[in-house]
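Undergrad: Contents are PDB, C-alpha atoms, pLDDT in the B column; file name target_4.pdb:
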ATOM      1  CA  SER X 691     102.180 104.989 114.063  1.00 45.00           C
ATOM      2  CA  GLN X 692     100.079 102.645 111.969  1.00 49.00           C
ATOM      3  CA  ALA X 693     101.054  99.710 109.799  1.00 54.00           C
ATOM      4  CA  GLY X 694      99.334  96.885 108.028  1.00 56.00           C
ATOM      5  CA  GLY X 695      98.710  95.167 104.759  1.00 58.00           C
ATOM      6  CA  PRO X 696      96.001  95.865 102.216  1.00 57.00           C
ATOM      7  CA  GLY X 697      92.707  96.423 104.006  1.00 56.00           C
ATOM      8  CA  SER X 698      94.188  96.292 107.502  1.00 62.00           C
ATOM      9  CA  GLU X 699      96.067  98.494 109.911  1.00 66.00           C
ATOM     10  CA  ARG X 700      97.285  98.339 113.474  1.00 71.00           C
ATOM     11  CA  ILE X 701      98.732 100.732 116.008  1.00 74.00           C
ATOM     12  CA  LEU X 702     102.435 100.260 116.716  1.00 77.00           C
ATOM     13  CA  PRO X 703     103.825 100.968 120.197  1.00 80.00           C
ATOM     14  CA  PRO X 704     105.736 104.281 120.531  1.00 74.00           C
ATOM     15  CA  GLY X 705     109.105 102.561 121.071  1.00 81.00           C
ATOM     16  CA  LEU X 706     108.811 100.759 117.732  1.00 84.00           C
ATOM     17  CA  VAL X 707     108.806 103.927 115.600  1.00 82.00           C
ATOM     18  CA  ASP X 708     111.223 106.844 115.520  1.00 87.00           C
ATOM     19  CA  PRO X 709     110.140 110.031 117.297  1.00 89.00           C
ATOM     20  CA  ILE X 710     109.486 113.172 115.265  1.00 92.00           C
ATOM     21  CA  PRO X 711     112.919 114.748 114.608  1.00 94.00           C
ATOM     22  CA  GLY X 712     113.782 117.763 116.753  1.00 96.00           C
ATOM     23  CA  TRP X 713     114.190 120.071 113.750  1.00 95.00           C
ATOM     24  CA  ILE X 714     110.617 119.322 112.653  1.00 94.00           C
ATOM     25  CA  GLU X 715     109.389 119.977 116.198  1.00 95.00           C
ATOM     26  CA  SER X 716     111.238 123.298 116.500  1.00 96.00           C
ATOM     27  CA  LYS X 717     110.930 124.630 112.946  1.00 92.00           C
ATOM     28  CA  LEU X 718     107.470 123.454 111.895  1.00 92.00           C
ATOM     29  CA  ILE X 719     105.317 122.060 114.690  1.00 95.00           C
ATOM     30  CA  ALA X 720     106.172 124.893 117.098  1.00 96.00           C
ATOM     31  CA  MET X 721     104.915 127.418 114.519  1.00 94.00           C
ATOM     32  CA  LEU X 722     101.566 125.628 114.241  1.00 94.00           C
ATOM     33  CA  GLU X 723     101.257 125.434 118.028  1.00 96.00           C
ATOM     34  CA  ASP X 724     102.383 129.042 118.606  1.00 97.00           C
ATOM     35  CA  GLY X 725      99.872 130.197 115.987  1.00 95.00           C
ATOM     36  CA  ASP X 726      97.089 128.354 117.854  1.00 95.00           C
ATOM     37  CA  LEU X 727      96.379 126.229 114.775  1.00 92.00           C
ATOM     38  CA  VAL X 728      96.702 123.051 116.858  1.00 92.00           C
ATOM     39  CA  PRO X 729      96.894 122.362 120.610  1.00 94.00           C
ATOM     40  CA  ARG X 730     100.368 121.761 122.067  1.00 95.00           C
ATOM     41  CA  GLY X 731     101.351 118.092 121.858  1.00 92.00           C
ATOM     42  CA  TRP X 732      98.515 117.293 119.434  1.00 90.00           C
ATOM     43  CA  ILE X 733     100.659 116.476 116.367  1.00 90.00           C
ATOM     44  CA  ASN X 734     101.845 112.877 116.625  1.00 84.00           C
ATOM     45  CA  SER X 735     103.342 112.216 113.191  1.00 86.00           C
ATOM     46  CA  ALA X 736     105.207 113.933 110.385  1.00 89.00           C
ATOM     47  CA  VAL X 737     106.072 112.861 106.855  1.00 86.00           C
ATOM     48  CA  VAL X 738     108.927 114.303 104.804  1.00 87.00           C
ATOM     49  CA  ASN X 739     109.009 113.654 101.057  1.00 85.00           C
ATOM     50  CA  ASP X 740     112.006 114.791  98.996  1.00 85.00           C
ATOM     51  CA  TYR X 741     111.350 114.714  95.255  1.00 83.00           C
ATOM     52  CA  LYS X 742     113.594 115.248  92.258  1.00 84.00           C
ATOM     53  CA  PRO X 743     112.322 117.667  89.569  1.00 80.00           C
ATOM     54  CA  GLY X 744     109.099 116.277  88.113  1.00 78.00           C
ATOM     55  CA  GLY X 745     108.669 113.803  90.988  1.00 80.00           C
ATOM     56  CA  MET X 746     105.454 113.464  92.981  1.00 77.00           C
ATOM     57  CA  ILE X 747     103.189 111.140  94.884  1.00 77.00           C
ATOM     58  CA  ILE X 748     101.132 109.411  92.217  1.00 73.00           C
ATOM     59  CA  SER X 749      97.370 109.712  92.184  1.00 71.00           C
ATOM     60  CA  HIS X 750      95.821 107.465  94.831  1.00 71.00           C
ATOM     61  CA  VAL X 751      92.838 107.135  97.159  1.00 70.00           C
ATOM     62  CA  ASP X 752      93.275 107.426 100.922  1.00 75.00           C
ATOM     63  CA  PRO X 753      90.777 106.030 103.451  1.00 75.00           C
ATOM     64  CA  PRO X 754      88.329 108.755 104.595  1.00 77.00           C
ATOM     65  CA  HIS X 755      89.309 108.456 108.274  1.00 79.00           C
ATOM     66  CA  LEU X 756      92.729 109.946 107.456  1.00 77.00           C
ATOM     67  CA  PHE X 757      90.973 113.262 106.853  1.00 78.00           C
ATOM     68  CA  ALA X 758      89.340 113.380 110.291  1.00 81.00           C
ATOM     69  CA  ARG X 759      92.326 115.521 111.332  1.00 80.00           C
ATOM     70  CA  PRO X 760      93.767 118.509 109.459  1.00 81.00           C
ATOM     71  CA  ILE X 761      96.614 118.057 106.999  1.00 82.00           C
ATOM     72  CA  PHE X 762      99.344 120.720 107.027  1.00 84.00           C
ATOM     73  CA  ILE X 763     101.731 120.925 104.079  1.00 81.00           C
ATOM     74  CA  ALA X 764     104.968 122.879 103.742  1.00 80.00           C
ATOM     75  CA  SER X 765     106.783 123.110 100.410  1.00 80.00           C
ATOM     76  CA  PHE X 766     110.374 124.323 100.216  1.00 81.00           C
ATOM     77  CA  PHE X 767     112.236 125.511  97.131  1.00 80.00           C
ATOM     78  CA  ALA X 768     109.436 124.638  94.686  1.00 75.00           C
ATOM     79  CA  ASP X 769     105.868 125.377  93.728  1.00 74.00           C
ATOM     80  CA  CYS X 770     103.432 122.654  94.647  1.00 70.00           C
ATOM     81  CA  GLY X 771      99.779 121.909  94.987  1.00 69.00           C
ATOM     82  CA  LEU X 772      97.601 119.355  96.705  1.00 69.00           C
ATOM     83  CA  SER X 773      94.737 118.303  94.498  1.00 68.00           C
ATOM     84  CA  PHE X 774      91.693 116.320  95.580  1.00 67.00           C
ATOM     85  CA  GLY X 775      89.640 114.449  93.002  1.00 62.00           C
ATOM     86  CA  ALA X 776      91.944 115.319  90.096  1.00 65.00           C
ATOM     87  CA  GLY X 777      92.829 113.067  87.198  1.00 65.00           C
ATOM     88  CA  PHE X 778      96.450 112.697  86.152  1.00 67.00           C
ATOM     89  CA  ALA X 779      98.007 111.343  82.965  1.00 68.00           C
ATOM     90  CA  PHE X 780     101.475 109.883  82.640  1.00 68.00           C
ATOM     91  CA  SER X 781     103.604 109.505  79.530  1.00 70.00           C
ATOM     92  CA  GLY X 782     106.845 107.548  79.558  1.00 72.00           C
ATOM     93  CA  GLY X 783     106.612 107.118  83.328  1.00 65.00           C
ATOM     94  CA  ARG X 784     106.456 110.887  83.948  1.00 70.00           C
ATOM     95  CA  PHE X 785     103.583 113.249  84.699  1.00 67.00           C
ATOM     96  CA  SER X 786     102.111 114.851  81.565  1.00 69.00           C
ATOM     97  CA  ALA X 787     100.569 118.280  82.193  1.00 70.00           C
ATOM     98  CA  ALA X 788      99.360 118.410  78.576  1.00 69.00           C
ATOM     99  CA  GLU X 789      97.336 115.191  78.958  1.00 68.00           C
ATOM    100  CA  SER X 790      96.045 115.774  82.493  1.00 62.00           C
TER
END
Output the structure of this file as C-alpha cells.

TA:
Amino acid sequence: SQAGGPGSERILPPGLVDPIPGWIESKLIAMLEDGDLVPRGWINSAVVNDYKPGGMIISHVDPPHLFARPIFIASFFADCGLSFGAGFAFSGGRFSAAES
C-alpha cells in the first residue's frame, strides 16, 4: 500500500495495511485469475466505493504511473462509466448532466 502527502508517496509494510478481504479474493479476483486476465497472486490491492444515488468520485487527475497496470472495475446494482479526459459541471454540490 502507498501513502503520503501532496507530491510524495511511500510504500507501507504489509502488516500495516489490511489484507484484501476474502470475499473480494473469492468473488472477484479469482474470476480475473481463472479467466487468465491476470497472473495468480498479481493483484495486490482492491478499492471498494459505495455511493448513494447521484454520488461519485469527483473529477480529478491521477499520476500517470498509476496506469502502468490495468484497472478493473465492477459495478453492482447501477449503471456506471469511467471517463478519461471528461469535463464535469456541478450545481448545488451535485453533478449536473445538463451542464456537463

Undergrad: When you draw a straight line from atom CA of X:Phe762 to atom CA of X:Gly731, how long is it in Å?

TA: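 Atom-to-atom, atom CA of X:Phe762 and atom CA of X:Gly731 are spaced 15.2 Å apart.
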
Undergrad: Quick one: what's the axis-aligned box for stretch 717-736 of chain X, all listed atoms, 5 Å on every side, centre and edges in Å to one decimal, as JSON?

TA:
{"center_x": 103.7, "center_y": 121.2, "center_z": 116.2, "size_x": 24.6, "size_y": 28.0, "size_z": 21.7}

Undergrad: Any idea what the distance is between atom CA of X:Trp713 and atom CA of X:Arg700?

TA: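 Between atom CA of X:Trp713 and atom CA of X:Arg700 the gap works out to 27.5 Å.
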
Undergrad: For the structure shown, which residues end up in the PyMOL selection byres ((chain X and resi 735-751) around 7)? Put them as a list in words, please?

TA: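 Selection result, ordered by chain and number: Ile710, Ile733, Asn734, Asp752, Pro753 and Phe778 of chain X.
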
Undergrad: Could you please determine the separation between atom CA of X:Phe766 and atom CA of X:Val707 in Å, to one decimal place?

TA: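 Straight-line distance from atom CA of X:Phe766 to atom CA of X:Val707 works out to 25.6 Å.
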
Undergrad: Given the choices X:Glu715, X:Ala787, X:Ala768, X:Pro709, which gets closest to X:Arg730 if the distance is worked out from all atoms listed in the file?

TA: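 Going through X:Glu715, X:Ala787, X:Ala768, X:Pro709 one by one, the smallest distance to X:Arg730 is for X:Glu715.
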
Undergrad: I'd like the residues picked by the PyMOL selection byres ((chain X and resi 760) around 12) written out as an MDAnalysis selection string, using the chain letters and numbers from the file.

TA: chainID X and resid 722 727:728 732:733 755:759 761:763
